[in-house]
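**Student:** Structure incoming, see below.
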Amino acid sequence: MSEGVPELPSDIPLKLAAQLMRDKDIRVAYMNHNSAGIIYPAASISYRHLVRYLAAKDESELKDLGINAERKSPLEVFIERRDEARKQAGLA
């Protein structure tokens, strides 16, 4: 990471994160995690995330966000993309 990247603490409420983003005039910010004195990026938050959260009718519409999101493993994604590329190249 480089200096000057917009950062927000990871333990602040969503409303406060939105207010800080508005005050700093930024559209995307990184949320950092501090573990045993080591600070590393843990997530990013954008206006798009905020709008999705506000527009959601219930939690089921947000199941693809956050640490507990339902998503494929990196290996599954790799295999799908590899197989699709092979199919397009006529190798499958």
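By order of appearance in the structure tokens: chains A, B, ..., then residues from 1 within every chain, and ligands from 1 in the order shown.
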Among the residues of chain A, find those DSSP assigns to helix (DSSP H, G or I) from the backbone and print them as a PyMOL selection string.
**Tutor:** chain A and resi 14-24+47-55+59-62+74-88
**Student:** Measuring atom to atom with only C-alpha atoms, identify which of A:Leu8, A:Leu14, A:Leu91, A:Ala56 is nearest to A:Met31.
**Tutor:**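 Once distances to A:Met31 are computed over only C-alpha atoms, the minimum belongs to A:Leu8.
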**Student:** Using only C-alpha atoms, can you tell me which of A:Val77, A:Ile26, A:Met21, A:Leu65 comes closest to A:Arg52?
**Tutor:**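 For A:Arg52, the nearest of the candidates is A:Leu65.
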**Student:** Residues at most 9 Å from A:Ala43, counting only C-alpha atoms, excluding those fewer than 6 positions away in the same chain, as an NGL selection string?
**Tutor:** :A and (10 or 29-33 or 66)
**Student:** Enumerate as a list in words all residues of stretch 2-85 of chain A assigned to strand (DSSP E or B) by DSSP on the backbone, naming them with the chain letters and numbers the document uses.
**Tutor:**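 Matching residues for strand (DSSP E or B) in stretch 2-85 of chain A are Glu7, Leu8, Pro9, Val28, Ala29, Tyr30, Met31, Asn32, His33, Asn34, Ser35, Ile38, Ile39, Tyr40, Pro41, Ala42, Ala43, Ser44, Ile45 and Ser46 of chain A.
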**Student:** Neighbouring residues of A:Ala18 were defined as those with any atom within 10 Å, considering only C-alpha atoms; residues of the same chain fewer than 6 positions away were excluded. Please report them as a ChimeraX atom specification.
**Tutor:** /A:24,26-27,29,45-47,50
**Student:** Now that the selection is made, can you save its residues with N, CA, C and O atoms as a compact mmCIF listing (two decimals), in the first residue's frame?
**Tutor:**
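So the final result, stored in again.txt, reads:
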```
# COMPACT_ATOMS: atom_id res chain seq x y z
N LYS A 24 -14.49 13.32 3.91
CA LYS A 24 -13.17 13.26 3.26
C LYS A 24 -13.27 13.31 1.75
O LYS A 24 -12.27 13.32 1.05
N ILE A 26 -14.31 10.94 -0.39
CA ILE A 26 -13.76 9.73 -0.99
C ILE A 26 -14.89 8.76 -1.31
O ILE A 26 -15.90 8.74 -0.64
N ARG A 27 -14.72 7.97 -2.36
CA ARG A 27 -15.76 7.03 -2.77
C ARG A 27 -15.43 5.60 -2.33
O ARG A 27 -16.31 4.75 -2.26
N ALA A 29 -12.86 3.39 0.57
CA ALA A 29 -11.90 3.45 1.69
C ALA A 29 -11.55 2.02 2.09
O ALA A 29 -12.32 1.08 1.85
N ILE A 45 -14.61 -0.57 1.56
CA ILE A 45 -16.00 -0.15 1.59
C ILE A 45 -16.16 0.96 0.56
O ILE A 45 -15.27 1.80 0.42
N SER A 46 -17.25 0.92 -0.17
CA SER A 46 -17.47 1.93 -1.20
C SER A 46 -18.91 2.43 -1.11
O SER A 46 -19.74 1.87 -0.40
N TYR A 47 -19.18 3.49 -1.86
CA TYR A 47 -20.55 3.99 -1.94
C TYR A 47 -21.49 2.90 -2.44
O TYR A 47 -22.63 2.81 -2.03
N LEU A 50 -22.62 0.88 0.42
CA LEU A 50 -23.58 1.62 1.23
C LEU A 50 -24.96 1.66 0.59
O LEU A 50 -25.97 1.44 1.26
```
**Student:** Against stretch 69-76 of chain A, which residues of stretch 45-64 of chain A fall within 9 Å? For each one I want the closest pair of atoms and the distance in Å (one decimal), counting only C-alpha atoms, rows by chain and increasing residue number, as CSV.
**Tutor:**
```
residue,atom,partner,partner_atom,distance
A:Leu62,CA,A:Ala69,CA,8.3
A:Lys63,CA,A:Ala69,CA,5.4
A:Asp64,CA,A:Ala69,CA,4.6
```
**Student:** Output N, CA and C atoms for every residue in that selection, as a CSV table (one decimal), in the first residue's frame.
**Tutor:**
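This went into selection_23.csv:
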```csv
chain,number,residue,atom,x,y,z
A,62,LEU,N,-28.0,-9.4,1.0
A,62,LEU,CA,-26.7,-9.0,1.3
A,62,LEU,C,-25.8,-10.2,1.5
A,63,LYS,N,-26.2,-11.4,1.2
A,63,LYS,CA,-25.5,-12.6,1.6
A,63,LYS,C,-24.2,-12.7,0.8
A,64,ASP,N,-23.9,-12.0,-0.2
A,64,ASP,CA,-22.7,-12.0,-0.9
A,64,ASP,C,-21.7,-11.0,-0.4
```
**Student:** Quick one: distance from atom CA of A:Pro9 to atom CA of A:Ser60 in Å, one decimal?
**Tutor:**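 Between atom CA of A:Pro9 and atom CA of A:Ser60 the gap is 26.0 Å.
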**Student:** What is the atom CA of A:Asp25-atom CA of A:Lys57 distance in Å, reported with one decimal?
**Tutor:**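 According to the coordinates, atom CA of A:Asp25 and atom CA of A:Lys57 are separated by 27.7 Å.
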